[in-house]
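Dumped model-v2.cif below, it's mmCIF, C-alpha atoms:
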data_input
loop_
_atom_site.label_atom_id
_atom_site.label_comp_id
_atom_site.auth_asym_id
_atom_site.auth_seq_id
_atom_site.Cartn_x
_atom_site.Cartn_y
_atom_site.Cartn_z
CA MET A 1 -20.16 -1.34 26.54
CA VAL A 2 -20.74 0.70 23.34
CA GLU A 3 -21.66 3.75 25.39
CA ASP A 4 -18.45 3.40 27.41
CA ARG A 5 -16.35 3.12 24.24
CA TYR A 6 -17.41 6.55 22.98
CA SER A 7 -18.16 8.25 26.30
CA ARG A 8 -15.17 10.62 26.24
CA GLN A 9 -15.96 11.62 22.69
CA ALA A 10 -19.70 12.04 23.21
CA ILE A 11 -19.28 14.43 26.17
CA PHE A 12 -17.34 16.82 23.91
CA PRO A 13 -19.90 19.57 23.13
CA GLY A 14 -19.00 19.64 19.45
CA ILE A 15 -20.11 16.02 19.04
CA GLY A 16 -22.49 15.08 21.85
CA PRO A 17 -24.73 12.00 22.00
CA GLU A 18 -26.65 13.00 18.86
CA GLY A 19 -23.44 13.51 16.89
CA GLN A 20 -22.22 10.12 18.04
CA ARG A 21 -25.44 8.53 16.80
CA ARG A 22 -24.95 10.20 13.42
CA LEU A 23 -21.43 8.85 13.20
CA GLY A 24 -22.76 5.36 13.89
CA LYS A 25 -25.08 5.65 10.87
CA SER A 26 -22.42 7.04 8.51
CA PHE A 27 -20.51 5.40 5.68
CA ALA A 28 -16.97 6.58 4.86
CA VAL A 29 -14.80 5.46 1.94
CA VAL A 30 -11.02 5.82 2.31
CA ILE A 31 -9.19 5.73 -1.02
CA GLY A 32 -5.59 4.72 -0.42
CA CYS A 33 -4.27 3.08 2.74
CA GLY A 34 -0.71 4.33 3.04
CA GLY A 35 0.67 6.98 5.37
CA LEU A 36 -2.51 9.07 5.30
CA GLY A 37 -5.18 6.48 4.62
CA SER A 38 -4.09 4.00 7.28
CA HIS A 39 -4.28 6.67 9.99
CA ILE A 40 -7.58 8.05 8.68
CA ALA A 41 -9.18 4.61 8.60
CA ALA A 42 -8.06 3.86 12.15
CA ALA A 43 -9.31 7.23 13.40
CA LEU A 44 -12.76 6.79 11.83
CA VAL A 45 -13.11 3.23 13.12
CA ARG A 46 -12.10 4.28 16.62
CA ALA A 47 -14.54 7.20 16.44
CA GLY A 48 -17.43 4.83 15.75
CA VAL A 49 -18.21 5.63 12.12
CA GLY A 50 -20.65 2.81 11.38
CA ARG A 51 -19.23 1.62 8.07
CA VAL A 52 -15.72 2.14 6.69
CA ARG A 53 -14.53 0.92 3.30
CA VAL A 54 -10.78 0.97 2.59
CA VAL A 55 -9.59 0.75 -1.02
CA ASP A 56 -5.92 0.25 -1.85
CA ARG A 57 -3.96 -1.24 -4.74
CA ASP A 58 -0.63 -1.90 -3.03
CA PHE A 59 1.01 -4.35 -0.64
CA ILE A 60 3.02 -3.72 2.53
CA GLU A 61 6.80 -3.28 2.54
CA TYR A 62 9.32 -2.54 5.26
CA HIS A 63 9.82 1.07 4.23
CA ASN A 64 6.11 1.66 4.98
CA LEU A 65 6.40 0.83 8.66
CA HIS A 66 8.07 4.04 9.84
CA ARG A 67 4.90 6.00 9.06
CA GLN A 68 2.02 3.49 8.76
CA ASP A 69 1.08 2.41 12.28
CA LEU A 70 -1.73 0.11 11.19
CA PHE A 71 0.69 -2.51 9.82
CA ASP A 72 3.47 -4.66 11.27
CA GLU A 73 6.22 -7.05 10.21
CA ALA A 74 3.90 -10.05 10.43
CA ASP A 75 1.77 -8.53 7.64
CA ILE A 76 4.85 -8.34 5.42
CA ARG A 77 5.81 -11.93 6.14
CA ARG A 78 2.29 -13.00 5.18
CA GLY A 79 2.58 -11.09 1.89
CA LEU A 80 -0.63 -9.19 2.56
CA PRO A 81 -2.03 -6.33 0.49
CA LYS A 82 -2.64 -3.20 2.52
CA ALA A 83 -6.44 -3.34 2.19
CA ALA A 84 -6.59 -6.94 3.42
CA ALA A 85 -4.30 -6.27 6.38
CA ALA A 86 -6.17 -3.06 7.18
CA GLU A 87 -9.50 -4.87 7.30
CA ARG A 88 -8.13 -7.43 9.76
CA HIS A 89 -6.51 -4.85 12.06
CA LEU A 90 -9.44 -2.43 11.96
CA ARG A 91 -11.91 -5.16 12.92
CA GLN A 92 -9.73 -5.94 15.91
CA ILE A 93 -9.76 -2.26 16.89
CA ASN A 94 -13.56 -1.98 16.82
CA SER A 95 -15.72 -5.04 16.15
CA SER A 96 -18.90 -2.94 16.14
CA VAL A 97 -17.90 -1.14 12.94
CA GLN A 98 -18.56 -2.70 9.54
CA VAL A 99 -15.12 -2.70 7.91
CA GLU A 100 -14.46 -3.67 4.32
CA GLY A 101 -11.04 -3.83 2.70
CA ILE A 102 -10.99 -3.86 -1.11
CA VAL A 103 -7.77 -4.71 -2.96
CA ALA A 104 -8.22 -2.66 -6.11
CA ASP A 105 -6.95 0.30 -8.05
CA ALA A 106 -9.53 3.08 -7.87
CA ASN A 107 -9.83 4.31 -11.45
CA HIS A 108 -12.41 5.81 -13.78
CA THR A 109 -13.96 2.40 -14.50
CA ASN A 110 -14.81 1.50 -10.91
CA ILE A 111 -14.71 4.51 -8.61
CA GLU A 112 -18.40 5.35 -8.90
CA GLU A 113 -19.25 1.86 -7.69
CA LEU A 114 -16.65 2.06 -4.91
CA VAL A 115 -18.10 5.27 -3.46
CA SER A 116 -21.77 4.51 -4.10
CA GLY A 117 -23.80 5.37 -1.01
CA ALA A 118 -20.89 7.02 0.81
CA ASP A 119 -21.45 9.98 3.09
CA ILE A 120 -17.83 11.10 2.75
CA ILE A 121 -14.72 10.24 0.71
CA MET A 122 -11.29 10.47 2.31
CA ASP A 123 -8.13 11.05 0.28
CA GLY A 124 -5.31 8.73 1.32
CA LEU A 125 -3.55 8.86 -2.04
CA ASP A 126 -0.07 9.91 -3.10
CA ASN A 127 -0.72 11.33 -6.60
CA PHE A 128 -2.68 14.15 -8.19
CA GLU A 129 -4.22 12.01 -10.91
CA GLY A 130 -6.04 9.92 -8.31
CA ARG A 131 -7.10 12.99 -6.36
CA PHE A 132 -8.55 14.62 -9.46
CA LEU A 133 -10.53 11.41 -9.99
CA ILE A 134 -11.90 11.63 -6.43
CA ASN A 135 -12.66 15.29 -7.05
CA ASP A 136 -14.68 14.43 -10.18
CA VAL A 137 -16.72 11.62 -8.63
CA ALA A 138 -17.37 13.64 -5.47
CA LEU A 139 -18.67 16.62 -7.41
CA LYS A 140 -20.76 14.44 -9.72
CA ARG A 141 -22.31 12.49 -6.83
CA GLY A 142 -22.53 15.43 -4.41
CA ILE A 143 -20.37 13.68 -1.79
CA PRO A 144 -18.11 15.77 0.48
CA TRP A 145 -14.45 14.75 0.42
CA VAL A 146 -11.31 15.73 2.30
CA TYR A 147 -8.07 16.29 0.39
CA GLY A 148 -4.76 15.55 2.09
CA ALA A 149 -1.12 15.41 1.07
CA ALA A 150 2.18 14.79 2.85
CA ILE A 151 5.71 14.97 1.46
CA ALA A 152 9.05 15.66 3.16
CA ALA A 153 7.92 17.80 6.14
CA THR A 154 5.06 19.61 4.38
CA GLY A 155 1.41 18.65 4.62
CA MET A 156 -1.84 20.03 3.22
CA MET A 157 -5.52 19.50 4.02
CA MET A 158 -8.70 20.89 2.49
CA PRO A 159 -12.36 19.85 2.83
CA VAL A 160 -14.37 20.02 -0.40
CA LEU A 161 -18.15 20.45 -0.20
CA PRO A 162 -19.59 20.06 -3.71
CA GLY A 163 -21.45 23.17 -4.82
CA ARG A 164 -20.43 25.08 -1.71
CA THR A 165 -16.63 25.39 -1.69
CA PRO A 166 -13.83 25.48 -4.26
CA CYS A 167 -12.75 22.07 -5.51
CA LEU A 168 -9.23 20.74 -5.99
CA ARG A 169 -9.11 21.75 -9.65
CA CYS A 170 -10.03 25.29 -8.67
CA LEU A 171 -6.69 25.36 -6.86
CA SER A 172 -4.69 23.23 -9.30
CA PRO A 173 -6.12 23.10 -12.83
CA SER A 174 -3.73 20.32 -13.88
CA ALA A 175 -1.42 17.81 -12.25
CA PRO A 176 2.12 19.12 -11.71
CA GLU A 177 4.98 17.58 -13.63
CA ARG A 178 6.28 14.55 -11.75
CA ALA A 179 9.83 15.84 -11.85
CA LEU A 180 8.71 19.05 -10.13
CA ALA A 181 6.18 17.60 -7.69
CA GLY A 182 8.58 15.42 -5.74
CA THR A 183 7.85 11.99 -4.29
CA CYS A 184 8.69 10.03 -1.17
CA ASP A 185 11.58 8.58 -3.18
CA THR A 186 13.11 11.94 -4.05
CA ALA A 187 12.10 14.15 -1.12
CA GLY A 188 11.59 11.62 1.66
CA ILE A 189 8.99 11.98 4.38
CA VAL A 190 9.13 12.65 8.12
CA GLY A 191 7.42 9.72 9.86
CA PRO A 192 5.02 11.66 12.12
CA LEU A 193 3.86 13.99 9.31
CA PRO A 194 1.14 11.71 7.88
CA ARG A 195 -0.30 11.27 11.39
CA ILE A 196 -0.67 15.03 11.73
CA VAL A 197 -2.27 15.55 8.32
CA ALA A 198 -4.53 12.50 8.71
CA GLY A 199 -5.58 13.80 12.12
CA LEU A 200 -6.69 17.09 10.59
CA GLN A 201 -8.49 15.23 7.80
CA SER A 202 -10.24 12.98 10.30
CA VAL A 203 -11.46 15.89 12.42
CA ALA A 204 -12.85 17.54 9.27
CA ALA A 205 -14.57 14.24 8.40
CA LEU A 206 -16.21 13.98 11.84
CA LYS A 207 -17.52 17.54 11.54
CA LEU A 208 -18.90 16.86 8.07
CA LEU A 209 -20.54 13.59 9.10
CA ILE A 210 -22.35 15.07 12.09
CA GLY A 211 -23.33 18.17 10.13
CA THR A 212 -21.41 20.87 12.00
CA HIS A 213 -18.76 21.70 9.38
CA GLU A 214 -19.31 25.12 7.88
CA ALA A 215 -18.59 25.66 4.21
CA GLU A 216 -15.24 27.23 4.99
CA GLN A 217 -13.09 28.02 1.99
CA TYR A 218 -9.57 27.28 3.17
CA LEU A 219 -6.44 25.23 2.61
CA THR A 220 -4.36 24.30 5.66
CA VAL A 221 -0.62 24.01 5.09
CA ILE A 222 1.75 22.74 7.77
CA ASP A 223 5.48 22.40 8.13
CA ALA A 224 6.00 19.65 10.69
CA TRP A 225 9.75 20.28 10.94
CA GLN A 226 9.34 23.99 11.69
CA GLY A 227 6.12 23.46 13.64
CA THR A 228 4.10 25.99 11.64
CA PHE A 229 0.45 25.99 10.56
CA HIS A 230 -1.04 28.35 8.00
CA ARG A 231 -4.57 28.62 6.66
CA PHE A 232 -5.07 30.14 3.22
CA LYS A 233 -8.35 31.47 1.88
CA THR A 234 -9.43 29.76 -1.34
CA SER A 235 -11.92 30.79 -4.00
CA LEU A 236 -13.85 29.32 -6.88
CA ARG A 237 -11.99 29.49 -10.19
CA PRO A 238 -14.04 30.68 -13.16
CA GLY A 239 -13.95 28.06 -15.91
CA CYS A 240 -13.04 25.17 -13.60
CA PRO A 241 -14.12 22.11 -15.65
CA ALA A 242 -15.09 20.01 -12.63
CA CYS A 243 -17.24 22.73 -11.09
CA GLU A 244 -18.92 23.20 -14.48
CA GLY A 245 -19.75 19.49 -14.69
CA ARG A 246 -17.01 18.37 -17.08
CA TYR A 247 -15.53 15.34 -15.33
CA GLU A 248 -12.49 14.69 -17.53
CA TYR A 249 -10.75 12.27 -15.16
CA LEU A 250 -13.92 10.35 -14.34
CA GLU A 251 -14.70 10.03 -18.04
CA GLY A 252 -11.23 8.62 -18.72
CA LYS A 253 -10.24 11.52 -20.96
CA LEU A 254 -7.25 12.27 -18.76
CA GLY A 255 -5.09 9.76 -16.92
CA SER A 256 -2.76 6.92 -17.85
CA GLU A 257 -2.64 3.13 -17.98
CA ALA A 258 0.72 3.05 -16.18
CA THR A 259 1.63 5.01 -13.07
CA SER A 260 4.84 5.34 -11.06
CA LEU A 261 4.09 4.83 -7.36
CA CYS A 262 5.28 7.21 -4.67
CA GLY A 263 7.95 5.96 -2.32
CA GLN A 264 8.84 2.94 -4.45
CA ASN A 265 10.81 2.06 -7.53
CA VAL A 266 7.58 0.59 -8.92
CA VAL A 267 5.24 1.12 -11.84
CA GLN A 268 1.61 0.04 -11.75
CA VAL A 269 0.09 -1.24 -14.99
CA ARG A 270 -3.68 -1.30 -15.13
CA GLY A 271 -5.26 -4.50 -16.45
CA HIS A 272 -8.36 -4.97 -18.56
CA GLY A 273 -10.16 -7.91 -17.01
CA SER A 274 -9.93 -10.52 -14.29
CA LEU A 275 -7.29 -13.25 -14.18
CA SER A 276 -7.09 -16.76 -12.75
CA LEU A 277 -3.94 -16.41 -10.68
CA PRO A 278 -3.51 -20.17 -10.08
CA GLU A 279 -3.64 -20.85 -13.83
CA LEU A 280 -1.25 -18.00 -14.57
CA ALA A 281 1.14 -19.25 -11.86
CA ILE A 282 1.31 -22.67 -13.52
CA ARG A 283 2.08 -21.16 -16.91
CA LEU A 284 4.72 -18.84 -15.48
CA GLU A 285 6.67 -21.68 -13.86
CA ALA A 286 8.41 -22.32 -17.18
CA VAL A 287 9.55 -18.75 -17.80
CA ALA A 288 9.75 -17.00 -14.42
CA GLU A 289 11.54 -17.44 -11.13
CA ASN A 290 10.45 -17.18 -7.50
CA VAL A 291 6.78 -17.76 -8.37
CA THR A 292 4.68 -17.49 -5.20
CA LEU A 293 0.92 -17.32 -4.84
CA ASN A 294 -1.50 -16.48 -2.04
CA ASP A 295 -5.19 -15.63 -1.90
CA PHE A 296 -4.58 -12.01 -2.87
CA MET A 297 -1.72 -11.85 -5.37
CA LEU A 298 0.88 -13.64 -7.48
CA ARG A 299 4.58 -12.70 -7.32
CA PHE A 300 7.35 -13.71 -9.71
CA THR A 301 10.68 -12.50 -11.06
CA VAL A 302 11.61 -12.18 -14.73
CA GLU A 303 14.56 -10.94 -16.75
CA GLY A 304 16.98 -10.82 -13.86
CA ASP A 305 15.63 -8.58 -11.11
CA MET A 306 12.27 -7.44 -12.47
CA GLU A 307 9.73 -8.51 -9.86
CA MET A 308 6.07 -8.47 -10.84
CA VAL A 309 3.08 -8.65 -8.51
CA VAL A 310 -0.22 -9.49 -10.21
CA PHE A 311 -3.70 -9.10 -8.71
CA PRO A 312 -6.92 -10.92 -9.64
CA ASP A 313 -8.36 -7.80 -11.32
CA GLY A 314 -5.57 -7.98 -13.92
CA ARG A 315 -3.55 -5.16 -12.40
CA ALA A 316 0.19 -5.56 -11.91
CA LEU A 317 3.02 -3.83 -10.04
CA VAL A 318 6.38 -3.95 -11.77
CA ARG A 319 9.24 -3.43 -9.33
CA ASN A 320 12.77 -2.12 -9.87
CA THR A 321 11.86 0.30 -12.63
CA GLN A 322 10.25 3.68 -13.14
CA ASP A 323 10.13 3.22 -16.91
CA GLU A 324 6.43 3.00 -17.71
CA THR A 325 7.04 1.84 -21.28
CA LEU A 326 9.19 -1.04 -20.02
CA ALA A 327 6.57 -1.93 -17.42
CA ARG A 328 3.81 -2.07 -20.02
CA GLY A 329 6.00 -4.25 -22.21
CA LEU A 330 6.69 -6.73 -19.41
CA TYR A 331 3.00 -6.82 -18.59
CA ALA A 332 2.09 -7.58 -22.19
CA ARG A 333 4.70 -10.33 -22.36
CA TYR A 334 4.06 -12.16 -19.10
CA VAL A 335 0.52 -11.27 -18.06
CA GLY A 336 -1.18 -10.14 -21.26
CA THR A 337 -3.53 -11.96 -23.63
CA GLN A 338 -1.04 -14.60 -24.69
CA ALA A 339 -0.27 -15.49 -21.06
CA CYS A 340 -3.97 -15.82 -20.28
CA LEU A 341 -4.35 -18.12 -23.28
CA GLY A 342 -1.55 -20.30 -22.02
CA ARG A 343 1.36 -19.30 -24.28
CA ILE A 344 4.07 -16.90 -23.17
CA PRO A 345 6.63 -15.54 -25.64
CA GLY A 346 9.85 -17.48 -25.17
CA GLU A 347 8.17 -20.33 -23.31
CA GLU A 348 8.92 -22.83 -26.04
CA LYS A 349 12.62 -22.01 -25.69
CA ARG A 350 12.59 -22.74 -21.98
CA ASN A 351 10.80 -26.09 -22.18
#
Just give me the structure as C-alpha cells.
Amino acid sequence: MVEDRYSRQAIFPGIGPEGQRRLGKSFAVVIGCGGLGSHIAAALVRAGVGRVRVVDRDFIEYHNLHRQDLFDEADIRRGLPKAAAAERHLRQINSSVQVEGIVADANHTNIEELVSGADIIMDGLDNFEGRFLINDVALKRGIPWVYGAAIAATGMMMPVLPGRTPCLRCLSPSAPERALAGTCDTAGIVGPLPRIVAGLQSVAALKLLIGTHEAEQYLTVIDAWQGTFHRFKTSLRPGCPACEGRYEYLEGKLGSEATSLCGQNVVQVRGHGSLSLPELAIRLEAVAENVTLNDFMLRFTVEGDMEMVVFPDGRALVRNTQDETLARGLYARYVGTQACLGRIPGEEKRN
C-alpha cells in the first residue's frame, strides 16, 4: 500500500527508491499556513515526508478560501485556527505521516524550540520580520530553509543553505517600509499564485531533503499574470550580520510586540504568558459582547465593532483596526494583567 502511494514519485530518476526512503525519515517545519504554507504542507505530506509540523497564529476566514485549498467553509463554521484545521486535513490526506499542528506565533522566544530537530524549514509567512527570524534561526542551527513570497501577481522563491549560499539578509539588509512593501489588502493577490510559488518551494525542499540540491545561488521571480519566470544570480553580502553570526531578530533586538497582518484589517498583539480562557470568558461577560469560546480560542467584541480573538498563549488578534497603539491599549484593558486577576477597567460600571 505504501509502495503504491509513492510509486509514481519513486520511479522519477531524481528521487528514486532511496530518495523516497530519505523523505520518509525527514522532519519538515512549515512556519505559516496561509496561501503558501497550506500548499507546502499538503505537498510535503503527499510526498511522504515522514514528519511535518505546521505552525500558524491565525484562524480561517472566508477571504482565505480563494487561495488556500487546504481549508473549507466547515472549518470557518467550527471557528478553527489554521494549524488545527491543517492537522486534521493533512492526516486525512496521508495517515502514514506524523502531522502536528501548533497554534502559536513563531517569535524569538519560541522559534528555536519549534524548529529543534528539523531537517528543513519552510517559509509560509507574509511578512519580512518573520522571515528574518527564520533566517536567523536557520543560520544559527545550520538548517536549510526555503524563502517564498507572493503578492498581487508576483512571486519569489530562494533556497538558503547556511554557510553555502547567500541568506535573506544578504539580499535585503532590512525589512522594507510597510507602506512601500504592499500587502494582500492593498495590492490583492491572484488566487493561483501561491500554488505556483509553493510548488517551487516544495520541489526545492524535496531536493534538499534527499540530498540532491546543489548550493545554487539564485532567486526565482515569477509574474503569474504575464507568465514569466526569471532567475537572478545572488551573492554573499560583506558585513551581513546574520552570516557573521549576529542574530538580531532571534535575540529580540529587532521586531515588535504588535504586528499588522497581511490580507486583514487586523493587528496581532503578542502576549507574555499563558491564559485560562474559560476564566477570562467569565470575567469578560460583564464588559464584552458576543463572547464565544472553543478549545482553541476566545472571541469577543468590545467598544462597538472591535473584535478580539485571544489564544491560550496570551496572544490576541484585534480586528477592524491597523492601529497598533490602539490594539495594544485594548489588549492591556481587556486581556492584560488586571483581566487575568479578575478586574477589568470599567467592569464595576457595568455591574
Carefully work through the PyMOL selection byres ((chain A and resi 35) around 12) for this structure and note down the residues it includes, as JSON, numbers by chain.
-> {"A": [31, 32, 33, 34, 36, 37, 38, 39, 40, 41, 42, 56, 60, 63, 64, 65, 66, 67, 68, 69, 70, 71, 82, 123, 124, 125, 126, 148, 149, 150, 151, 155, 184, 189, 190, 191, 192, 193, 194, 195, 196, 197, 198, 199, 262, 263]}
Find the residues near region 222-237 of chain A: any atom within 7 Å, counting only C-alpha atoms, skip ones fewer than 3 places away on the same chain, and give them as a VMD selection string.
-> chain A and resid 153 to 156 166 170 193 217 to 219 240
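The nearest approach to Gln98 (chain A) among the residues A:Leu277, A:Val49, A:Ala332, A:Leu208, with all atoms listed in the file taken into account, belongs to A:Val49.
Taking all atoms listed in the file into account, Gly188 (chain A) lies nearest to A:Ala152 out of the set A:Ile102, A:Val29, A:Gly239, A:Ala152.
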Restricting to only C-alpha atoms, whichever of A:Ala205, A:Ala104, A:Leu114, A:Val99 is closest to Val146 (chain A) is A:Ala205
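The residues returned by the PyMOL selection byres ((chain A and resi 215) around 10) for this structure are A:Pro159, A:Val160, A:Leu161, A:Pro162, A:Gly163, A:Arg164, A:Thr165, A:Pro166, A:Leu208, A:Thr212, A:His213, A:Glu214, A:Glu216, A:Gln217, A:Tyr218.
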From CA of Gln268 (chain A) to CA of Val310 (chain A) the spacing works out at 9.8 Å
Nearest to Glu248 (chain A) by atom-to-atom distance, counting all atoms listed in the file, from A:Val267, A:Ile143, A:Ile282, A:Val137 =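 Between A:Val267, A:Ile143, A:Ile282, A:Val137, the residue approaching Glu248 (chain A) most closely is A:Val137.
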Would you please work out which residue, of A:Ala47, A:Ala281, A:Ile93, A:Met297, is nearest to Pro312 (chain A) when using all atoms listed in the file?
->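 That would be A:Met297, the residue with the smallest distance to Pro312 (chain A).
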Rank A:Arg88, A:Ala175, A:Gly142, A:Ser7 by their smallest atom-to-atom distance to Asn127 (chain A), using all atoms listed in the file, and report the top residue only.
->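 Selected residue with least distance to Asn127 (chain A): A:Ala175.
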Could you state the separation of CA of Leu80 (chain A) and CA of Val54 (chain A) in Å, given to one decimal place?
->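 Value for the CA of Leu80 (chain A)-CA of Val54 (chain A) distance: 14.4 Å.
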Is it possible to get the residues within 7 Å of (9.5, 4.1, -12.9) (coordinates as in the file, counting only C-alpha atoms) written as an mmCIF file with C-alpha atoms, keeping the file's coordinate frame?
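Wrote it out as selection-v9.cif, contents follow:
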data_model
loop_
_atom_site.group_PDB
_atom_site.id
_atom_site.type_symbol
_atom_site.label_atom_id
_atom_site.label_comp_id
_atom_site.auth_asym_id
_atom_site.auth_seq_id
_atom_site.Cartn_x
_atom_site.Cartn_y
_atom_site.Cartn_z
ATOM 1 C CA SER A 260 4.840 5.340 -11.060
ATOM 2 C CA ASN A 265 10.810 2.060 -7.530
ATOM 3 C CA VAL A 266 7.580 0.590 -8.920
ATOM 4 C CA VAL A 267 5.240 1.120 -11.840
ATOM 5 C CA THR A 321 11.860 0.300 -12.630
ATOM 6 C CA GLN A 322 10.250 3.680 -13.140
ATOM 7 C CA ASP A 323 10.130 3.220 -16.910
ATOM 8 C CA GLU A 324 6.430 3.000 -17.710
#
Residues selected by the PyMOL selection byres ((chain A and resi 287-291) around 6), written as a ChimeraX atom specification = /A:284-286,292,299-302,347
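You will find CA of Tyr249 (chain A) at 7.8 Å from CA of Glu129 (chain A).
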Once 5 Å is added on each side, what centre and edge lengths in Å to one decimal does the axis-aligned box around all listed atoms of region 143-158 of chain A have, as JSON?
{"center_x": -5.7, "center_y": 17.3, "center_z": 2.2, "size_x": 39.4, "size_y": 17.2, "size_z": 17.9}
Can you tell me, as a VMD selection string, what residues are no more than 7 Å from Val45 (chain A) when counting only C-alpha atoms, ignoring any on the same chain fewer than 5 positions away?
-> chain A and resid 90 94 97
